[in-house]
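**Student:** I'm passing along query.cif; it holds mmCIF, C-alpha atoms.
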data_input
loop_
_atom_site.label_atom_id
_atom_site.label_comp_id
_atom_site.auth_asym_id
_atom_site.auth_seq_id
_atom_site.Cartn_x
_atom_site.Cartn_y
_atom_site.Cartn_z
CA SER A 26 33.95 81.28 120.27
CA GLN A 27 35.83 79.61 123.09
CA GLN A 28 33.49 77.97 125.55
CA GLY A 29 35.90 76.65 128.16
CA GLU A 30 38.72 78.72 129.58
CA GLU A 31 41.41 77.09 131.70
CA ASP A 32 43.23 78.67 134.58
CA PRO A 33 46.13 78.95 135.15
CA GLN A 34 47.71 79.12 131.70
CA ALA A 35 50.85 77.47 133.07
CA LEU A 36 51.68 75.62 136.26
CA SER A 37 55.06 74.45 137.51
CA ILE A 38 55.31 72.05 140.46
CA GLN A 39 57.61 69.44 141.97
CA GLU A 40 57.07 65.71 141.74
CA GLY A 41 54.80 64.46 144.49
CA GLU A 42 52.83 67.70 144.73
CA ASN A 43 49.21 68.03 143.65
CA ALA A 44 48.24 70.00 140.57
CA THR A 45 44.90 71.77 140.25
CA MET A 46 43.57 73.23 137.03
CA ASN A 47 40.34 75.09 136.64
CA CYS A 48 37.95 75.53 133.75
CA SER A 49 35.15 78.06 133.38
CA TYR A 50 32.50 78.09 130.69
CA LYS A 51 29.63 80.28 129.62
CA THR A 52 26.54 78.32 128.56
CA SER A 53 24.62 75.22 129.61
CA ILE A 54 26.40 72.00 128.84
CA ASN A 55 25.60 68.30 128.38
CA ASN A 56 28.92 67.30 129.87
CA LEU A 57 32.51 68.42 130.30
CA GLN A 58 35.59 66.48 129.30
CA TRP A 59 39.27 66.79 130.15
CA TYR A 60 42.03 65.91 127.71
CA ARG A 61 45.78 65.73 127.89
CA GLN A 62 48.25 66.57 125.13
CA ASN A 63 51.92 65.79 125.08
CA SER A 64 53.87 68.33 123.05
CA GLY A 65 52.61 68.46 119.45
CA ARG A 66 50.80 65.14 119.66
CA GLY A 67 47.15 64.15 119.53
CA LEU A 68 44.91 64.73 122.53
CA VAL A 69 44.09 61.86 124.81
CA HIS A 70 40.82 61.67 126.72
CA LEU A 71 41.16 61.63 130.50
CA ILE A 72 37.72 61.86 132.01
CA LEU A 73 34.13 62.85 131.20
CA ILE A 74 31.75 64.29 133.78
CA ARG A 75 28.08 64.69 132.99
CA SER A 76 26.07 67.76 133.88
CA ASN A 77 24.19 65.88 136.62
CA GLU A 78 27.41 64.69 138.28
CA ARG A 79 29.40 66.70 140.81
CA GLU A 80 32.59 64.69 141.19
CA LYS A 81 34.38 61.90 139.42
CA HIS A 82 37.57 59.99 140.06
CA SER A 83 39.90 58.05 137.81
CA GLY A 84 43.15 56.83 139.33
CA ARG A 85 45.07 59.93 140.47
CA LEU A 86 42.60 62.23 138.75
CA ARG A 87 39.70 63.94 140.45
CA VAL A 88 37.29 66.13 138.53
CA THR A 89 34.59 68.33 139.99
CA LEU A 90 31.79 70.14 138.23
CA ASP A 91 29.76 73.03 139.56
CA THR A 92 27.05 73.86 137.04
CA SER A 93 25.75 76.77 139.13
CA LYS A 94 29.15 78.47 138.83
CA LYS A 95 29.78 77.05 135.36
CA SER A 96 33.17 75.75 136.41
CA SER A 97 35.14 72.54 136.70
CA SER A 98 38.43 71.58 138.24
CA LEU A 99 40.94 68.82 137.51
CA LEU A 100 43.13 67.65 140.36
CA ILE A 101 46.14 65.43 139.72
CA THR A 102 47.41 63.99 142.96
CA ALA A 103 51.00 62.90 143.68
CA SER A 104 52.19 64.25 140.34
CA ARG A 105 54.99 62.65 138.37
CA ALA A 106 57.39 64.01 135.78
CA ALA A 107 55.43 61.97 133.20
CA ASP A 108 52.38 64.14 133.92
CA THR A 109 54.12 67.04 132.19
CA ALA A 110 51.75 67.99 129.37
CA SER A 111 49.04 70.44 128.39
CA TYR A 112 45.58 69.84 129.78
CA PHE A 113 42.39 70.98 128.08
CA CYS A 114 38.80 71.12 129.17
CA ALA A 115 36.13 70.69 126.52
CA THR A 116 32.46 71.44 126.85
CA ASP A 117 29.78 69.47 125.04
CA ALA A 118 26.94 71.87 124.32
CA LYS A 119 24.23 72.35 121.77
CA LYS A 120 24.93 74.81 119.00
CA SER A 121 22.74 75.28 115.93
CA GLY A 122 20.73 72.19 116.80
CA TYR A 123 23.70 69.82 117.08
CA SER A 124 25.99 69.14 119.98
CA THR A 125 29.61 70.11 119.53
CA LEU A 126 32.71 69.92 121.66
CA THR A 127 34.50 73.20 122.28
CA PHE A 128 37.99 73.30 123.74
CA GLY A 129 39.66 75.88 125.92
CA LYS A 130 43.21 77.15 125.43
CA GLY A 131 44.72 74.74 127.90
CA THR A 132 46.92 74.69 130.98
CA MET A 133 50.56 73.78 130.48
CA LEU A 134 51.75 71.67 133.42
CA LEU A 135 55.44 71.17 134.15
CA VAL A 136 56.36 68.63 136.82
CA SER A 137 59.99 68.76 137.83
CA PRO A 138 61.77 65.72 139.32
CA GLU B 55 43.81 48.54 117.00
CA ALA B 56 41.22 51.29 117.36
CA GLN B 57 42.63 54.43 115.86
CA VAL B 58 42.21 57.62 113.86
CA THR B 59 44.72 58.05 111.08
CA GLN B 60 45.64 61.22 109.26
CA ASN B 61 47.71 61.75 106.15
CA PRO B 62 50.01 63.37 105.47
CA ARG B 63 51.59 64.00 108.86
CA TYR B 64 53.68 66.89 107.55
CA LEU B 65 53.08 69.05 104.52
CA ILE B 66 54.77 72.13 103.15
CA THR B 67 52.97 73.72 100.24
CA VAL B 68 52.60 76.99 98.41
CA THR B 69 49.78 79.50 98.41
CA GLY B 70 46.89 78.54 96.17
CA LYS B 71 47.78 74.90 95.56
CA LYS B 72 44.78 72.76 96.47
CA LEU B 73 45.38 70.07 99.04
CA THR B 74 43.48 67.39 100.92
CA VAL B 75 44.23 66.00 104.34
CA THR B 76 42.69 62.60 104.81
CA CYS B 77 41.20 61.26 108.02
CA SER B 78 40.02 57.74 108.62
CA GLN B 79 38.71 55.91 111.69
CA ASN B 80 38.15 52.19 112.21
CA MET B 81 35.77 52.38 115.17
CA ASN B 82 32.48 52.81 113.31
CA HIS B 83 32.06 56.23 114.91
CA GLU B 84 29.27 58.48 113.73
CA TYR B 85 30.73 61.80 114.85
CA MET B 86 33.89 63.19 113.25
CA SER B 87 35.48 66.57 113.53
CA TRP B 88 38.40 68.70 112.37
CA TYR B 89 40.31 71.12 114.61
CA ARG B 90 43.20 73.43 114.11
CA GLN B 91 45.62 74.26 116.90
CA ASP B 92 47.57 77.49 116.99
CA PRO B 93 49.84 78.82 119.76
CA GLY B 94 47.86 80.79 122.33
CA LEU B 95 44.52 79.95 120.71
CA GLY B 96 44.02 76.36 121.76
CA LEU B 97 41.97 74.03 119.57
CA ARG B 98 39.35 75.55 117.36
CA GLN B 99 36.80 73.49 115.51
CA ILE B 100 36.72 73.82 111.73
CA TYR B 101 33.93 71.46 110.68
CA TYR B 102 32.13 68.52 112.17
CA SER B 103 29.96 65.71 110.92
CA MET B 104 27.21 64.00 112.87
CA ASN B 105 26.90 61.17 110.35
CA VAL B 106 27.25 60.34 106.67
CA GLU B 107 26.23 63.30 104.50
CA VAL B 108 25.62 65.48 107.59
CA THR B 109 28.22 68.18 108.13
CA ASP B 110 28.18 71.60 109.74
CA LYS B 111 30.51 74.52 110.29
CA GLY B 112 32.51 74.90 113.44
CA ASP B 113 34.04 78.11 114.71
CA VAL B 114 36.60 78.69 111.94
CA PRO B 115 35.28 77.17 108.67
CA GLU B 116 36.46 79.86 106.25
CA GLY B 117 38.83 78.51 103.61
CA TYR B 118 38.01 74.86 104.29
CA LYS B 119 35.69 72.24 102.87
CA VAL B 120 34.79 68.77 104.07
CA SER B 121 32.80 65.82 102.85
CA ARG B 122 31.42 62.71 104.54
CA LYS B 123 30.52 60.23 101.84
CA GLU B 124 31.24 57.20 104.00
CA LYS B 125 31.29 56.69 107.72
CA ARG B 126 34.99 56.02 108.18
CA ASN B 127 36.43 58.92 106.18
CA PHE B 128 36.26 62.67 106.69
CA PRO B 129 38.72 64.51 104.44
CA LEU B 130 39.60 68.17 104.93
CA ILE B 131 40.02 70.13 101.73
CA LEU B 132 41.84 73.43 101.30
CA GLU B 133 40.88 74.68 97.86
CA SER B 134 43.29 77.62 97.84
CA PRO B 135 45.56 77.51 100.90
CA SER B 136 46.91 80.73 102.32
CA PRO B 137 49.72 81.35 104.85
CA ASN B 138 47.21 82.00 107.64
CA GLN B 139 46.18 78.35 107.35
CA THR B 140 49.61 77.27 108.53
CA SER B 141 48.72 75.28 111.61
CA LEU B 142 48.58 71.91 113.33
CA TYR B 143 45.43 70.06 112.30
CA PHE B 144 43.68 67.30 114.20
CA CYS B 145 40.93 64.95 113.17
CA ALA B 146 38.81 63.35 115.87
CA SER B 147 35.99 60.85 116.05
CA SER B 148 33.45 59.77 118.62
CA LEU B 149 30.41 57.53 119.00
CA GLY B 150 28.48 60.74 119.51
CA LEU B 151 27.86 63.89 121.47
CA GLY B 152 24.90 65.30 123.31
CA GLU B 153 22.97 63.99 126.27
CA ILE B 154 24.67 60.63 125.80
CA SER B 155 28.19 61.72 125.01
CA TYR B 156 31.38 59.79 124.44
CA GLU B 157 35.06 60.56 124.46
CA GLN B 158 36.74 61.75 121.31
CA TYR B 159 39.63 59.88 119.78
CA PHE B 160 42.22 62.08 118.12
CA GLY B 161 44.49 61.46 115.20
CA PRO B 162 48.23 62.16 115.47
CA GLY B 163 47.98 65.54 113.77
CA THR B 164 49.03 67.07 110.46
CA ARG B 165 51.49 69.93 110.54
CA LEU B 166 50.78 72.15 107.55
CA THR B 167 52.97 75.01 106.38
CA VAL B 168 51.76 77.27 103.58
CA THR B 169 54.41 79.55 102.09
#
Go ahead and render the structure in this file as structure tokens.

**Tutor:**
Amino acid sequence: SQQGEEDPQALSIQEGENATMNCSYKTSINNLQWYRQNSGRGLVHLILIRSNEREKHSGRLRVTLDTSKKSSSLLITASRAADTASYFCATDAKKSGYSTLTFGKGTMLLVSP
Amino acid sequence: EAQVTQNPRYLITVTGKKLTVTCSQNMNHEYMSWYRQDPGLGLRQIYYSMNVEVTDKGDVPEGYKVSRKEKRNFPLILESPSPNQTSLYFCASSLGLGEISYEQYFGPGTRLTVT
């Protein structure tokens, strides 16, 4: 079953604007991770936020986590055309005694020059 | 260079012909995993392995087998492929998951078509 669900499914913005993507999940988690995928290629890790953290920054990326609402957001500031990609949240949670990483369906971001 | 490699990258095969997709990592990672990606469904986990000889089913294990005889390799086996296994497959590895969790490194993907 899908643990994380991203919103919106697709987002189209102009270069220089900020892009915000949201992720909701259902059960308790160890941490939440965000990944990026350029069309048809392997996913690349962007940022990991632990369940006891509320906010984390990495360059132009800002991630928040609200465990009470079971939600996270990824903000990309001053977007560039090169940011065009699909973005996935993934939740690390225990299942059947082991921790596994479960991905959402992704948000497709298009940044136009 | 730290990487996850998959072979083949592209494969077209026929229903029922057994195939293996290899996955290898050179980072001494304990955790390895296989995912399939289908349009509109995102990534779904097929199988994962916490360490050598320790494997478990993910969300969509039917029709697949795996083995983890050595730390670096985690092959995905389709004993009798069917057209509904046409998909883009990704192998990933990580130092581990859980309370102390690490990022996953993904392979480049294997595009499989079963006719």

**Student:** Apply the PyMOL selection byres ((chain B) within 10 of (chain A)) to the structure shown and report the selected residues as a ChimeraX atom specification.

**Tutor:** /B:58,85,87,89,91-99,101-104,110-114,142-146,150-165

**Student:** Could you take the residues named above and write them with C-alpha atoms, as a short mmCIF file (atom, residue, chain, number, x, y, z; two decimals), in the frame of the given file?

**Tutor:**
data_model
loop_
_atom_site.label_atom_id
_atom_site.label_comp_id
_atom_site.auth_asym_id
_atom_site.auth_seq_id
_atom_site.Cartn_x
_atom_site.Cartn_y
_atom_site.Cartn_z
CA VAL B 58 42.21 57.62 113.86
CA TYR B 85 30.73 61.80 114.85
CA SER B 87 35.48 66.57 113.53
CA TYR B 89 40.31 71.12 114.61
CA GLN B 91 45.62 74.26 116.90
CA ASP B 92 47.57 77.49 116.99
CA PRO B 93 49.84 78.82 119.76
CA GLY B 94 47.86 80.79 122.33
CA LEU B 95 44.52 79.95 120.71
CA GLY B 96 44.02 76.36 121.76
CA LEU B 97 41.97 74.03 119.57
CA ARG B 98 39.35 75.55 117.36
CA GLN B 99 36.80 73.49 115.51
CA TYR B 101 33.93 71.46 110.68
CA TYR B 102 32.13 68.52 112.17
CA SER B 103 29.96 65.71 110.92
CA MET B 104 27.21 64.00 112.87
CA ASP B 110 28.18 71.60 109.74
CA LYS B 111 30.51 74.52 110.29
CA GLY B 112 32.51 74.90 113.44
CA ASP B 113 34.04 78.11 114.71
CA VAL B 114 36.60 78.69 111.94
CA LEU B 142 48.58 71.91 113.33
CA TYR B 143 45.43 70.06 112.30
CA PHE B 144 43.68 67.30 114.20
CA CYS B 145 40.93 64.95 113.17
CA ALA B 146 38.81 63.35 115.87
CA GLY B 150 28.48 60.74 119.51
CA LEU B 151 27.86 63.89 121.47
CA GLY B 152 24.90 65.30 123.31
CA GLU B 153 22.97 63.99 126.27
CA ILE B 154 24.67 60.63 125.80
CA SER B 155 28.19 61.72 125.01
CA TYR B 156 31.38 59.79 124.44
CA GLU B 157 35.06 60.56 124.46
CA GLN B 158 36.74 61.75 121.31
CA TYR B 159 39.63 59.88 119.78
CA PHE B 160 42.22 62.08 118.12
CA GLY B 161 44.49 61.46 115.20
CA PRO B 162 48.23 62.16 115.47
CA GLY B 163 47.98 65.54 113.77
CA THR B 164 49.03 67.07 110.46
CA ARG B 165 51.49 69.93 110.54
#

**Student:** Would you kindly translate the PyMOL selection byres ((chain A and resi 98-102) around 10) into the concrete residues it picks from this file, as JSON, numbers by chain?

**Tutor:** {"A": [31, 32, 40, 41, 42, 43, 44, 45, 46, 47, 48, 49, 59, 72, 80, 81, 82, 83, 84, 85, 86, 87, 88, 89, 90, 91, 96, 97, 103, 104, 105, 108, 112, 113, 114]}

**Student:** Would you work out the distance separating CA of Trp88 (chain B) from CA of Phe128 (chain B), expressed in Å to one decimal?

**Tutor:** 8.6 Å

**Student:** Could you work out how far CA of Glu107 (chain B) lies from CA of Gln57 (chain B), giving the answer in Å with one decimal?

**Tutor:**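 A separation of 21.8 Å between them.
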
**Student:** What does the distance between CA of Ser134 (chain B) and CA of Cys77 (chain B) come to in Å, to one decimal place?

**Tutor:**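 Rounded to one decimal, the two atoms are 19.4 Å apart.
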